[in-house]
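Participant: Once you've had a glance at the structure underneath, I'll fire off some questions.
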Amino acid sequence: MIHHITAICSNAGRSARFYTKVLDLRLVKLTINQDDMGTYHIYFGDRTGRVGSVLTFFQWSEMPKGKVGVGMVSKVAFKIPLGSMKFWEKHLKKNGVKIKKEERFGRNVLSIEDPDGLNLELIEEGGAGNWAKNVNEESSISGFYGATLLVRDYEDTANLLTRFLRYVHIKSEDNMHRYFSDETIIDIEEDSKMENGEYGLGSVHHIAFRTENEETQMDLRESLKKAGFNLTHSIDRFYFKSVYFREKGGILFEIATDGPGFIVDEKEEDLGTKLVLPPKFELQRKEIEKLLPGFDFGKV
């Protein structure tokens, strides 16, 4: 199952307004990139930032626009409730968002872009989410539907998903191959002729898959290491622990623990209302706040 997906944006405030006002996700956490203290790391999700609902962003304003190509997550898809497609079409148009209607594996897909050009999709699946502030409750996003991985040769990536990440193959159509685990879909798109993608604004930085706890994370890390993958050690991100590696198709994968989660340092009702720093950075708060651009919580 997808734990979270992290992309790159040019302006945290602008992204926050889009994801909270237009897509009506909750601003779950505004914190920093723990490897780059002068960079915001902003999280959007459901009421508590449940695993499987969170899209996050690094604000790297100086980067050029990214280019979609092989070795990247090319699309991020959210679940909207069954019967809500018409509502979302009207809502998005009202907010000046261009939409494109597509079909994939027999499902209607509403394709849009965020302010930096990140490819997003809305797909009807199941019921409503648990957070609704700017749309009606019956139409609220509940979490990720899935993601599309764009690779040159799908077999190695497919083997990784099925052998280690508990995904099962559902079906294939032409160069698209669909896999499912728990609540999320992974589509692998194979394109042997497309150029490599380039990280930048509006592109996905990495995709994270869940593991229940540190013990299962270490077991999975060991299995992947024996299979020839080059992995980082477990890194404490305070809200979860992370292991990173690049799969053979070139996409950066993360294995992230379920907990402790986003209410470890804030009450549920206070999520997304202030800049929060993990304890090891708190003594540097004044220095960090000078490095960061302003962020207006009153506009999200």
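Just remember, in the structure tokens the first chain shown is A, the second B, etc., residues are 1-based per chain, and ligands are 1-based in the order shown.
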Excluding segment 217-230 of chain A and its own-chain neighbours fewer than 5 positions away, which residues fall within 8 Å of it when counting only C-alpha atoms? Please give them as JSON, numbers by chain.

Facilitator: {"A": [164, 211, 212, 243, 245, 246, 247, 255, 256, 257]}

Participant: As a list in words, please: the residues near Val51 of chain A (cut-off 7 Å, only C-alpha atoms, same-chain neighbours under 6 positions excluded).

Facilitator: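 Once the adjacent positions are removed, what remains is His3, His4 and Asp258 of chain A.
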
Participant: Okay, now the selection with N, CA and C atoms, as a PDB file, in the first residue's frame?

Facilitator:
ATOM      1  N   HIS A   3       2.192   4.589   1.207  1.00  0.00           N
ATOM      2  CA  HIS A   3       2.245   5.297   2.485  1.00  0.00           C
ATOM      3  C   HIS A   3       2.029   6.789   2.250  1.00  0.00           C
ATOM      4  N   HIS A   4       2.894   7.369   1.399  1.00  0.00           N
ATOM      5  CA  HIS A   4       2.742   8.766   0.986  1.00  0.00           C
ATOM      6  C   HIS A   4       3.477   8.958  -0.329  1.00  0.00           C
ATOM      7  N   ASP A 258       4.323   2.846   9.659  1.00  0.00           N
ATOM      8  CA  ASP A 258       3.006   3.442   9.888  1.00  0.00           C
ATOM      9  C   ASP A 258       3.048   4.558  10.921  1.00  0.00           C
TER      10      ASP A 258
END

Participant: Choose the residue, out of A:Ser234, A:Lys75, A:Ala147, A:Tyr199, that has the smallest atom-to-atom separation from Arg178 of chain A; count only C-alpha atoms.

Facilitator: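 Ranking A:Ser234, A:Lys75, A:Ala147, A:Tyr199 by distance to Arg178 of chain A, first place goes to A:Ala147.
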
Participant: Using only C-alpha atoms, find the one residue out of A:Pro279, A:Gly129, A:Gly96, A:Gly69 that sits nearest to Asp236 of chain A.

Facilitator: A:Pro279

Participant: Counting only C-alpha atoms, which residue out of A:Arg14, A:His206, A:Lys286, A:Arg26 sits closest to Val135 of chain A?

Facilitator: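 So, comparing all the options, the nearest one is A:Arg26.
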
Participant: Could you give me, as a list in words, the residues within 10 Å of Val300 of chain A, counting only C-alpha atoms and dropping anything in the same chain fewer than 5 positions from it?

Facilitator: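 After dropping sequence-adjacent residues, the list is Gly13, Arg14, Ser15, Ala16, Arg17, Phe18, Tyr19, Thr20, Lys21, Asp24, Arg26, Leu27, Gly272, Thr273 and Phe295 of chain A.
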